[in-house]
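Structure file model.pdb (PDB, C-alpha atoms and all ligand atoms) is printed below.
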ATOM      1  CA  MET A   1      31.586 245.046 -69.825  1.00  0.00           C
ATOM      2  CA  ILE A   2      30.484 241.383 -69.915  1.00  0.00           C
ATOM      3  CA  LEU A   3      32.888 240.834 -72.752  1.00  0.00           C
ATOM      4  CA  ILE A   4      35.770 242.139 -70.665  1.00  0.00           C
ATOM      5  CA  VAL A   5      34.856 239.853 -67.755  1.00  0.00           C
ATOM      6  CA  VAL A   6      34.688 236.845 -70.078  1.00  0.00           C
ATOM      7  CA  PHE A   7      37.991 237.780 -71.645  1.00  0.00           C
ATOM      8  CA  VAL A   8      39.766 238.197 -68.315  1.00  0.00           C
ATOM      9  CA  GLY A   9      38.254 234.921 -67.082  1.00  0.00           C
ATOM     10  CA  ALA A  10      39.463 233.070 -70.157  1.00  0.00           C
ATOM     11  CA  ALA A  11      42.942 234.558 -69.902  1.00  0.00           C
ATOM     12  CA  PHE A  12      43.130 233.567 -66.254  1.00  0.00           C
ATOM     13  CA  THR A  13      42.077 229.978 -66.959  1.00  0.00           C
ATOM     14  CA  LEU A  14      44.546 229.686 -69.840  1.00  0.00           C
ATOM     15  CA  ASN A  15      47.342 231.008 -67.692  1.00  0.00           C
ATOM     16  CA  ARG A  16      46.540 228.512 -64.931  1.00  0.00           C
ATOM     17  CA  LEU A  17      46.479 225.682 -67.427  1.00  0.00           C
ATOM     18  CA  ARG A  18      49.879 226.695 -68.734  1.00  0.00           C
ATOM     19  CA  HIS A  19      51.174 226.904 -65.218  1.00  0.00           C
ATOM     20  CA  THR A  20      50.004 223.464 -64.177  1.00  0.00           C
ATOM     21  CA  ARG A  21      51.562 222.008 -67.283  1.00  0.00           C
ATOM     22  CA  THR A  22      54.985 223.502 -66.648  1.00  0.00           C
ATOM     23  CA  GLU A  23      54.892 222.349 -63.029  1.00  0.00           C
ATOM     24  CA  SER A  24      54.136 218.691 -63.704  1.00  0.00           C
ATOM     25  CA  PRO A  25      57.275 216.535 -63.361  1.00  0.00           C
ATOM     26  CA  PRO A  26      58.927 215.109 -66.467  1.00  0.00           C
ATOM     27  CA  PRO A  27      57.640 211.678 -67.466  1.00  0.00           C
ATOM     28  CA  VAL A  28      59.532 208.758 -65.946  1.00  0.00           C
ATOM     29  CA  THR A  29      61.542 206.923 -68.586  1.00  0.00           C
ATOM     30  CA  LYS A  30      61.278 203.168 -69.070  1.00  0.00           C
ATOM     31  CA  GLN A  31      64.801 202.757 -67.771  1.00  0.00           C
ATOM     32  CA  GLU A  32      64.050 204.741 -64.599  1.00  0.00           C
ATOM     33  CA  LYS A  33      60.936 202.637 -63.999  1.00  0.00           C
ATOM     34  CA  ALA A  34      62.933 199.461 -64.316  1.00  0.00           C
ATOM     35  CA  ILE A  35      65.501 200.753 -61.848  1.00  0.00           C
ATOM     36  CA  ALA A  36      62.916 202.110 -59.425  1.00  0.00           C
ATOM     37  CA  LYS A  37      61.243 198.718 -59.171  1.00  0.00           C
ATOM     38  CA  PRO A  38      62.344 197.527 -55.752  1.00  0.00           C
ATOM     39  CA  SER A  39      63.819 194.373 -57.184  1.00  0.00           C
ATOM     40  CA  THR A  40      66.329 194.162 -54.329  1.00  0.00           C
ATOM     41  CA  GLN A  41      63.707 194.479 -51.639  1.00  0.00           C
ATOM     42  CA  SER A  42      61.760 191.292 -52.138  1.00  0.00           C
ATOM     43  CA  GLN A  43      62.160 188.640 -49.472  1.00  0.00           C
ATOM     44  CA  ASN A  44      62.120 185.695 -51.837  1.00  0.00           C
ATOM     45  CA  GLU A  45      65.691 185.619 -53.075  1.00  0.00           C
ATOM     46  CA  THR A  46      67.990 182.751 -52.229  1.00  0.00           C
ATOM     47  CA  PRO A  47      71.338 183.553 -50.504  1.00  0.00           C
ATOM     48  CA  GLU A  48      73.103 182.799 -53.794  1.00  0.00           C
ATOM     49  CA  GLN A  49      70.976 185.374 -55.587  1.00  0.00           C
ATOM     50  CA  ILE A  50      71.589 188.022 -52.919  1.00  0.00           C
ATOM     51  CA  ARG A  51      75.342 187.427 -53.119  1.00  0.00           C
ATOM     52  CA  SER A  52      75.353 187.495 -56.928  1.00  0.00           C
ATOM     53  CA  THR A  53      76.812 190.248 -59.097  1.00  0.00           C
ATOM     54  CA  PRO A  54      73.501 191.115 -60.878  1.00  0.00           C
ATOM     55  CA  TYR A  55      71.878 191.629 -57.448  1.00  0.00           C
ATOM     56  CA  LEU A  56      74.744 193.875 -56.354  1.00  0.00           C
ATOM     57  CA  GLU A  57      74.456 195.845 -59.599  1.00  0.00           C
ATOM     58  CA  ARG A  58      70.741 196.409 -58.939  1.00  0.00           C
ATOM     59  CA  TYR A  59      71.473 197.389 -55.333  1.00  0.00           C
ATOM     60  CA  ILE A  60      74.019 200.008 -56.405  1.00  0.00           C
ATOM     61  CA  GLN A  61      71.679 201.421 -59.078  1.00  0.00           C
ATOM     62  CA  ASP A  62      68.899 201.615 -56.514  1.00  0.00           C
ATOM     63  CA  VAL A  63      71.136 203.553 -54.094  1.00  0.00           C
ATOM     64  CA  ILE A  64      72.215 205.961 -56.847  1.00  0.00           C
ATOM     65  CA  VAL A  65      68.622 206.701 -57.866  1.00  0.00           C
ATOM     66  CA  HIS A  66      66.898 206.662 -54.449  1.00  0.00           C
ATOM     67  CA  GLY A  67      69.751 207.408 -52.052  1.00  0.00           C
ATOM     68  CA  SER A  68      70.534 205.336 -48.978  1.00  0.00           C
ATOM     69  CA  ARG A  69      68.806 205.752 -45.621  1.00  0.00           C
ATOM     70  CA  GLN A  70      69.790 202.428 -44.166  1.00  0.00           C
ATOM     71  CA  HIS A  71      71.487 203.702 -40.990  1.00  0.00           C
ATOM     72  CA  LEU A  72      74.648 201.868 -41.879  1.00  0.00           C
ATOM     73  CA  GLY A  73      76.429 203.675 -39.061  1.00  0.00           C
ATOM     74  CA  PHE A  74      78.349 206.469 -40.809  1.00  0.00           C
ATOM     75  CA  LYS A  75      78.850 209.932 -39.364  1.00  0.00           C
ATOM     76  CA  TYR A  76      77.694 211.606 -42.556  1.00  0.00           C
ATOM     77  CA  GLY A  77      74.220 210.063 -42.148  1.00  0.00           C
ATOM     78  CA  ASP A  78      72.080 209.410 -45.237  1.00  0.00           C
ATOM     79  CA  MET A  79      73.237 209.411 -48.824  1.00  0.00           C
ATOM     80  CA  PRO A  80      70.979 211.814 -50.783  1.00  0.00           C
ATOM     81  CA  GLU A  81      69.078 210.567 -53.835  1.00  0.00           C
ATOM     82  CA  LYS A  82      70.177 211.200 -57.447  1.00  0.00           C
ATOM     83  CA  MET A  83      73.893 211.629 -56.744  1.00  0.00           C
ATOM     84  CA  ALA A  84      74.201 210.896 -60.473  1.00  0.00           C
ATOM     85  CA  ASP A  85      71.853 211.035 -63.456  1.00  0.00           C
ATOM     86  CA  PRO A  86      69.694 207.863 -63.161  1.00  0.00           C
ATOM     87  CA  ALA A  87      70.458 207.090 -66.807  1.00  0.00           C
ATOM     88  CA  LEU A  88      74.142 206.679 -65.875  1.00  0.00           C
ATOM     89  CA  ALA A  89      73.459 204.409 -62.894  1.00  0.00           C
ATOM     90  CA  PRO A  90      73.894 201.091 -64.772  1.00  0.00           C
ATOM     91  CA  LYS A  91      77.304 202.199 -66.078  1.00  0.00           C
ATOM     92  CA  ILE A  92      78.477 203.421 -62.681  1.00  0.00           C
ATOM     93  CA  ALA A  93      77.282 200.172 -61.104  1.00  0.00           C
ATOM     94  CA  ALA A  94      79.256 198.183 -63.702  1.00  0.00           C
ATOM     95  CA  TYR A  95      82.408 199.992 -62.580  1.00  0.00           C
ATOM     96  CA  VAL A  96      81.682 199.805 -58.834  1.00  0.00           C
ATOM     97  CA  VAL A  97      81.363 195.986 -58.852  1.00  0.00           C
ATOM     98  CA  THR A  98      84.882 195.746 -60.287  1.00  0.00           C
ATOM     99  CA  LEU A  99      86.178 197.413 -57.075  1.00  0.00           C
ATOM    100  CA  SER A 100      85.597 194.125 -55.243  1.00  0.00           C
ATOM    101  CA  GLY A 101      87.070 192.104 -58.103  1.00  0.00           C
ATOM    102  CA  ARG A 102      83.762 191.087 -59.656  1.00  0.00           C
ATOM    103  CA  LYS A 103      83.093 190.750 -63.380  1.00  0.00           C
ATOM    104  CA  PRO A 104      80.191 193.043 -64.319  1.00  0.00           C
ATOM    105  CA  THR A 105      77.277 191.903 -66.491  1.00  0.00           C
ATOM    106  CA  HIS A 106      78.299 194.600 -69.005  1.00  0.00           C
ATOM    107  CA  PRO A 107      82.116 194.890 -69.006  1.00  0.00           C
ATOM    108  CA  GLU A 108      81.853 197.303 -71.933  1.00  0.00           C
ATOM    109  CA  TRP A 109      80.398 199.952 -69.564  1.00  0.00           C
ATOM    110  CA  VAL A 110      83.258 199.892 -67.065  1.00  0.00           C
ATOM    111  CA  SER A 111      85.567 202.555 -68.485  1.00  0.00           C
ATOM    112  CA  GLU A 112      82.757 205.067 -69.014  1.00  0.00           C
ATOM    113  CA  GLY A 113      81.285 204.182 -65.614  1.00  0.00           C
ATOM    114  CA  ARG A 114      84.625 204.887 -64.000  1.00  0.00           C
ATOM    115  CA  LEU A 115      84.624 208.468 -65.311  1.00  0.00           C
ATOM    116  CA  TYR A 116      81.131 209.083 -63.929  1.00  0.00           C
ATOM    117  CA  TYR A 117      82.098 207.429 -60.648  1.00  0.00           C
ATOM    118  CA  THR A 118      85.062 209.758 -60.229  1.00  0.00           C
ATOM    119  CA  SER A 119      83.028 212.908 -60.797  1.00  0.00           C
ATOM    120  CA  ASN A 120      79.832 211.892 -58.934  1.00  0.00           C
ATOM    121  CA  CYS A 121      80.882 209.542 -56.163  1.00  0.00           C
ATOM    122  CA  GLY A 122      84.618 209.825 -55.589  1.00  0.00           C
ATOM    123  CA  GLY A 123      84.243 212.986 -53.506  1.00  0.00           C
ATOM    124  CA  CYS A 124      82.652 210.964 -50.697  1.00  0.00           C
ATOM    125  CA  HIS A 125      83.594 207.322 -51.318  1.00  0.00           C
ATOM    126  CA  GLY A 126      87.127 208.143 -52.468  1.00  0.00           C
ATOM    127  CA  GLU A 127      88.633 207.739 -55.929  1.00  0.00           C
ATOM    128  CA  ASP A 128      89.692 204.211 -54.961  1.00  0.00           C
ATOM    129  CA  GLY A 129      86.219 203.470 -53.501  1.00  0.00           C
ATOM    130  CA  LYS A 130      87.622 202.668 -50.065  1.00  0.00           C
ATOM    131  CA  GLY A 131      85.524 205.400 -48.424  1.00  0.00           C
ATOM    132  CA  VAL A 132      86.529 207.290 -45.291  1.00  0.00           C
ATOM    133  CA  HIS A 133      86.588 205.195 -42.135  1.00  0.00           C
ATOM    134  CA  GLY A 134      83.515 205.967 -40.014  1.00  0.00           C
ATOM    135  CA  THR A 135      82.226 208.662 -42.387  1.00  0.00           C
ATOM    136  CA  PHE A 136      81.659 207.125 -45.849  1.00  0.00           C
ATOM    137  CA  PRO A 137      81.274 203.406 -46.604  1.00  0.00           C
ATOM    138  CA  ASP A 138      83.912 201.324 -48.361  1.00  0.00           C
ATOM    139  CA  LEU A 139      82.582 200.185 -51.746  1.00  0.00           C
ATOM    140  CA  THR A 140      85.395 197.666 -52.301  1.00  0.00           C
ATOM    141  CA  ARG A 141      83.960 195.141 -49.791  1.00  0.00           C
ATOM    142  CA  ASP A 142      82.927 191.841 -51.328  1.00  0.00           C
ATOM    143  CA  LEU A 143      79.619 192.054 -49.439  1.00  0.00           C
ATOM    144  CA  MET A 144      78.420 195.620 -49.037  1.00  0.00           C
ATOM    145  CA  LEU A 145      76.868 196.499 -45.671  1.00  0.00           C
ATOM    146  CA  GLY A 146      73.368 196.845 -47.095  1.00  0.00           C
ATOM    147  CA  ILE A 147      73.672 193.409 -48.721  1.00  0.00           C
ATOM    148  CA  GLU A 148      74.884 191.898 -45.430  1.00  0.00           C
ATOM    149  CA  LYS A 149      71.856 193.430 -43.697  1.00  0.00           C
ATOM    150  CA  ARG A 150      69.543 191.825 -46.211  1.00  0.00           C
ATOM    151  CA  LEU A 151      71.132 188.432 -45.716  1.00  0.00           C
ATOM    152  CA  GLU A 152      70.766 188.819 -41.938  1.00  0.00           C
ATOM    153  CA  LYS A 153      67.188 190.009 -42.220  1.00  0.00           C
ATOM    154  CA  ALA A 154      66.294 186.975 -44.273  1.00  0.00           C
ATOM    155  CA  HIS A 155      68.094 184.813 -41.633  1.00  0.00           C
ATOM    156  CA  LEU A 156      70.315 183.323 -44.288  1.00  0.00           C
TER
HETATM  157  C1  LIG B 201      77.621 213.297 -50.307  1.00  0.00           C
HETATM  158  C2  LIG B 201      78.368 212.089 -50.060  1.00  0.00           C
HETATM  159  C3  LIG B 201      78.066 210.915 -50.950  1.00  0.00           C
HETATM  160  C4  LIG B 201      78.087 210.855 -52.342  1.00  0.00           C
HETATM  161  C5  LIG B 201      78.411 211.978 -53.320  1.00  0.00           C
HETATM  162  C6  LIG B 201      77.780 209.506 -52.702  1.00  0.00           C
HETATM  163  N1  LIG B 201      77.551 208.752 -51.582  1.00  0.00           N
HETATM  164 FE1  LIG B 201      77.137 206.773 -51.510  1.00  0.00          FE
HETATM  165  N2  LIG B 201      76.867 206.857 -49.505  1.00  0.00           N
HETATM  166  C7  LIG B 201      77.103 207.963 -48.727  1.00  0.00           C
HETATM  167  C8  LIG B 201      76.754 207.655 -47.341  1.00  0.00           C
HETATM  168  C9  LIG B 201      76.878 208.583 -46.143  1.00  0.00           C
HETATM  169  C10 LIG B 201      76.284 206.329 -47.337  1.00  0.00           C
HETATM  170  C11 LIG B 201      75.725 205.543 -46.129  1.00  0.00           C
HETATM  171  C12 LIG B 201      74.219 205.863 -46.021  1.00  0.00           C
HETATM  172  C13 LIG B 201      73.446 204.955 -45.103  1.00  0.00           C
HETATM  173  O1  LIG B 201      73.772 204.815 -43.921  1.00  0.00           O
HETATM  174  O2  LIG B 201      72.438 204.370 -45.575  1.00  0.00           O
HETATM  175  C14 LIG B 201      76.390 205.838 -48.715  1.00  0.00           C
HETATM  176  C15 LIG B 201      76.079 204.556 -49.128  1.00  0.00           C
HETATM  177  C16 LIG B 201      76.338 204.041 -50.378  1.00  0.00           C
HETATM  178  C17 LIG B 201      76.174 202.649 -50.769  1.00  0.00           C
HETATM  179  C18 LIG B 201      75.783 201.488 -49.850  1.00  0.00           C
HETATM  180  C19 LIG B 201      77.061 200.948 -49.214  1.00  0.00           C
HETATM  181  C20 LIG B 201      76.917 199.631 -48.478  1.00  0.00           C
HETATM  182  O3  LIG B 201      77.929 199.197 -47.891  1.00  0.00           O
HETATM  183  O4  LIG B 201      75.831 199.011 -48.498  1.00  0.00           O
HETATM  184  C21 LIG B 201      76.517 202.560 -52.095  1.00  0.00           C
HETATM  185  C22 LIG B 201      76.504 201.312 -52.956  1.00  0.00           C
HETATM  186  C23 LIG B 201      76.868 203.887 -52.524  1.00  0.00           C
HETATM  187  N3  LIG B 201      76.754 204.763 -51.457  1.00  0.00           N
HETATM  188  C24 LIG B 201      77.253 204.201 -53.820  1.00  0.00           C
HETATM  189  C25 LIG B 201      77.450 205.511 -54.275  1.00  0.00           C
HETATM  190  C26 LIG B 201      77.659 205.851 -55.663  1.00  0.00           C
HETATM  191  C27 LIG B 201      77.765 204.838 -56.788  1.00  0.00           C
HETATM  192  C28 LIG B 201      77.766 207.224 -55.721  1.00  0.00           C
HETATM  193  C29 LIG B 201      77.902 208.096 -56.936  1.00  0.00           C
HETATM  194  C30 LIG B 201      76.817 208.081 -57.872  1.00  0.00           C
HETATM  195  C31 LIG B 201      77.646 207.720 -54.368  1.00  0.00           C
HETATM  196  N4  LIG B 201      77.437 206.649 -53.524  1.00  0.00           N
HETATM  197  C32 LIG B 201      77.729 209.053 -54.012  1.00  0.00           C
HETATM  198  C33 LIG B 201      77.561 209.186 -49.169  1.00  0.00           C
HETATM  199  C34 LIG B 201      77.710 209.567 -50.491  1.00  0.00           C
END

Translate the structure of the given file into structure tokens.
Ligand code: HEC
Amino acid sequence: MILIVVFVGAAFTLNRLRHTRTESPPPVTKQEKAIAKPSTQSQNETPEQIRSTPYLERYIQDVIVHGSRQHLGFKYGDMPEKMADPALAPKIAAYVVTLSGRKPTHPEWVSEGRLYYTSNCGGCHGEDGKGVHGTFPDLTRDLMLGIEKRLEKAHL
């Protein structure tokens, strides 16, 4: 009898252990950590840095990974997080900066980034990135709305 109780107890504990393990989220990759760092949220950047292409690339990657809840004034409301695989965010960002005529830090990522943009973002922001007036933001602006807000906030 005691043996049965011990056996059932052990089986139960093992099963719970297995369960907790399968439920824990996958480990965050180095790349995701780097992206998740709120590098575009610090107040110490100069206006030149905030207007720069590397800053814009980080901003776009941040929006792809974390979504956008900036109340930019669009009917659709918030942009949900993870609209694309975070690992693809740097490539998509390289393409998106070309929409406003900028030269990306990694031009070699542009053509691949464009494919991912079309399938993950084009449905809302349009294949040409011009968005839908009043509903989805235009990504071809030289200064994106969120970047403008940051410049204003910093009184620059
Ligand atoms: C389901 C529709 C939808 C999809 C898909 C989507 N977005 Fe968005 N996006 C929005 C909305 C709505 C906003 C405005 C949210 C806000 O007010 O903060 C936005 C905001 C943005 C902004 C900030 C714009 C600015 O002017 O500051 C960027 C950058 C952006 N999206 C890039 C992307 C990229 C890149 C993808 C593809 C990986 C993508 N979005 C997919 C709906 C979408």

Mind giving me the axis-aligned box for ligand LIG 201 (chain B) with 4 Å on every side, centre plus edges in Å to one decimal, as AutoDock Vina command-line options?
--center_x 75.4 --center_y 206.2 --center_z -50.9 --size_x 14.0 --size_y 22.3 --size_z 22.0

Let me have all residues with an atom within 8 Å of ligand LIG 201 (chain B), counting only C-alpha atoms and all ligand atoms, laid out as a PDB file with C-alpha atoms, in the frame of the given file.
ATOM      1  CA  TYR A  59      71.473 197.389 -55.333  1.00  0.00           C
ATOM      2  CA  ILE A  60      74.019 200.008 -56.405  1.00  0.00           C
ATOM      3  CA  GLN A  61      71.679 201.421 -59.078  1.00  0.00           C
ATOM      4  CA  VAL A  63      71.136 203.553 -54.094  1.00  0.00           C
ATOM      5  CA  ILE A  64      72.215 205.961 -56.847  1.00  0.00           C
ATOM      6  CA  GLY A  67      69.751 207.408 -52.052  1.00  0.00           C
ATOM      7  CA  SER A  68      70.534 205.336 -48.978  1.00  0.00           C
ATOM      8  CA  ARG A  69      68.806 205.752 -45.621  1.00  0.00           C
ATOM      9  CA  GLN A  70      69.790 202.428 -44.166  1.00  0.00           C
ATOM     10  CA  HIS A  71      71.487 203.702 -40.990  1.00  0.00           C
ATOM     11  CA  LEU A  72      74.648 201.868 -41.879  1.00  0.00           C
ATOM     12  CA  GLY A  73      76.429 203.675 -39.061  1.00  0.00           C
ATOM     13  CA  PHE A  74      78.349 206.469 -40.809  1.00  0.00           C
ATOM     14  CA  LYS A  75      78.850 209.932 -39.364  1.00  0.00           C
ATOM     15  CA  TYR A  76      77.694 211.606 -42.556  1.00  0.00           C
ATOM     16  CA  GLY A  77      74.220 210.063 -42.148  1.00  0.00           C
ATOM     17  CA  ASP A  78      72.080 209.410 -45.237  1.00  0.00           C
ATOM     18  CA  MET A  79      73.237 209.411 -48.824  1.00  0.00           C
ATOM     19  CA  PRO A  80      70.979 211.814 -50.783  1.00  0.00           C
ATOM     20  CA  LYS A  82      70.177 211.200 -57.447  1.00  0.00           C
ATOM     21  CA  MET A  83      73.893 211.629 -56.744  1.00  0.00           C
ATOM     22  CA  ALA A  84      74.201 210.896 -60.473  1.00  0.00           C
ATOM     23  CA  ALA A  89      73.459 204.409 -62.894  1.00  0.00           C
ATOM     24  CA  ILE A  92      78.477 203.421 -62.681  1.00  0.00           C
ATOM     25  CA  ALA A  93      77.282 200.172 -61.104  1.00  0.00           C
ATOM     26  CA  VAL A  96      81.682 199.805 -58.834  1.00  0.00           C
ATOM     27  CA  TYR A 116      81.131 209.083 -63.929  1.00  0.00           C
ATOM     28  CA  TYR A 117      82.098 207.429 -60.648  1.00  0.00           C
ATOM     29  CA  ASN A 120      79.832 211.892 -58.934  1.00  0.00           C
ATOM     30  CA  CYS A 121      80.882 209.542 -56.163  1.00  0.00           C
ATOM     31  CA  GLY A 122      84.618 209.825 -55.589  1.00  0.00           C
ATOM     32  CA  GLY A 123      84.243 212.986 -53.506  1.00  0.00           C
ATOM     33  CA  CYS A 124      82.652 210.964 -50.697  1.00  0.00           C
ATOM     34  CA  HIS A 125      83.594 207.322 -51.318  1.00  0.00           C
ATOM     35  CA  THR A 135      82.226 208.662 -42.387  1.00  0.00           C
ATOM     36  CA  PHE A 136      81.659 207.125 -45.849  1.00  0.00           C
ATOM     37  CA  PRO A 137      81.274 203.406 -46.604  1.00  0.00           C
ATOM     38  CA  ASP A 138      83.912 201.324 -48.361  1.00  0.00           C
ATOM     39  CA  LEU A 139      82.582 200.185 -51.746  1.00  0.00           C
ATOM     40  CA  ARG A 141      83.960 195.141 -49.791  1.00  0.00           C
ATOM     41  CA  LEU A 143      79.619 192.054 -49.439  1.00  0.00           C
ATOM     42  CA  MET A 144      78.420 195.620 -49.037  1.00  0.00           C
ATOM     43  CA  LEU A 145      76.868 196.499 -45.671  1.00  0.00           C
ATOM     44  CA  GLY A 146      73.368 196.845 -47.095  1.00  0.00           C
ATOM     45  CA  ILE A 147      73.672 193.409 -48.721  1.00  0.00           C
ATOM     46  CA  GLU A 148      74.884 191.898 -45.430  1.00  0.00           C
TER      47      GLU A 148
END

- Spatial neighbours of region 52-58 of chain A, max dist 8 Å, only C-alpha atoms, sep filter under 2 positions, as a list of chain:residue names: A:Ile35, A:Ser39, A:Thr40, A:Glu48, A:Gln49, A:Ile50, A:Ile60, A:Gln61, A:Asp62, A:Pro90, A:Ala93, A:Ala94, A:Val97, A:Arg102, A:Lys103, A:Pro104, A:Thr105, A:Ile147

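In this model, the gap between CA of Arg114 (chain A) and CA of Tyr95 (chain A) comes to 5.6 Å.
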
- Query: Do you know which residues lie at most 9 Å from (88.9, 201.2, -54.6), with coordinates as in the file and only C-alpha atoms counted, and could you write them as a list in words?
  - Reply: Val96, Thr98, Leu99, Ser100, His125, Gly126, Glu127, Asp128, Gly129, Lys130, Gly131, Asp138, Leu139 and Thr140 of chain A

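The interatomic distance for the pair CA of Lys153 (chain A) and CA of His133 (chain A) works out to 24.6 Å.
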
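Coordinates place CA of Asn44 (chain A) at a distance of 11.9 Å from CA of His155 (chain A).
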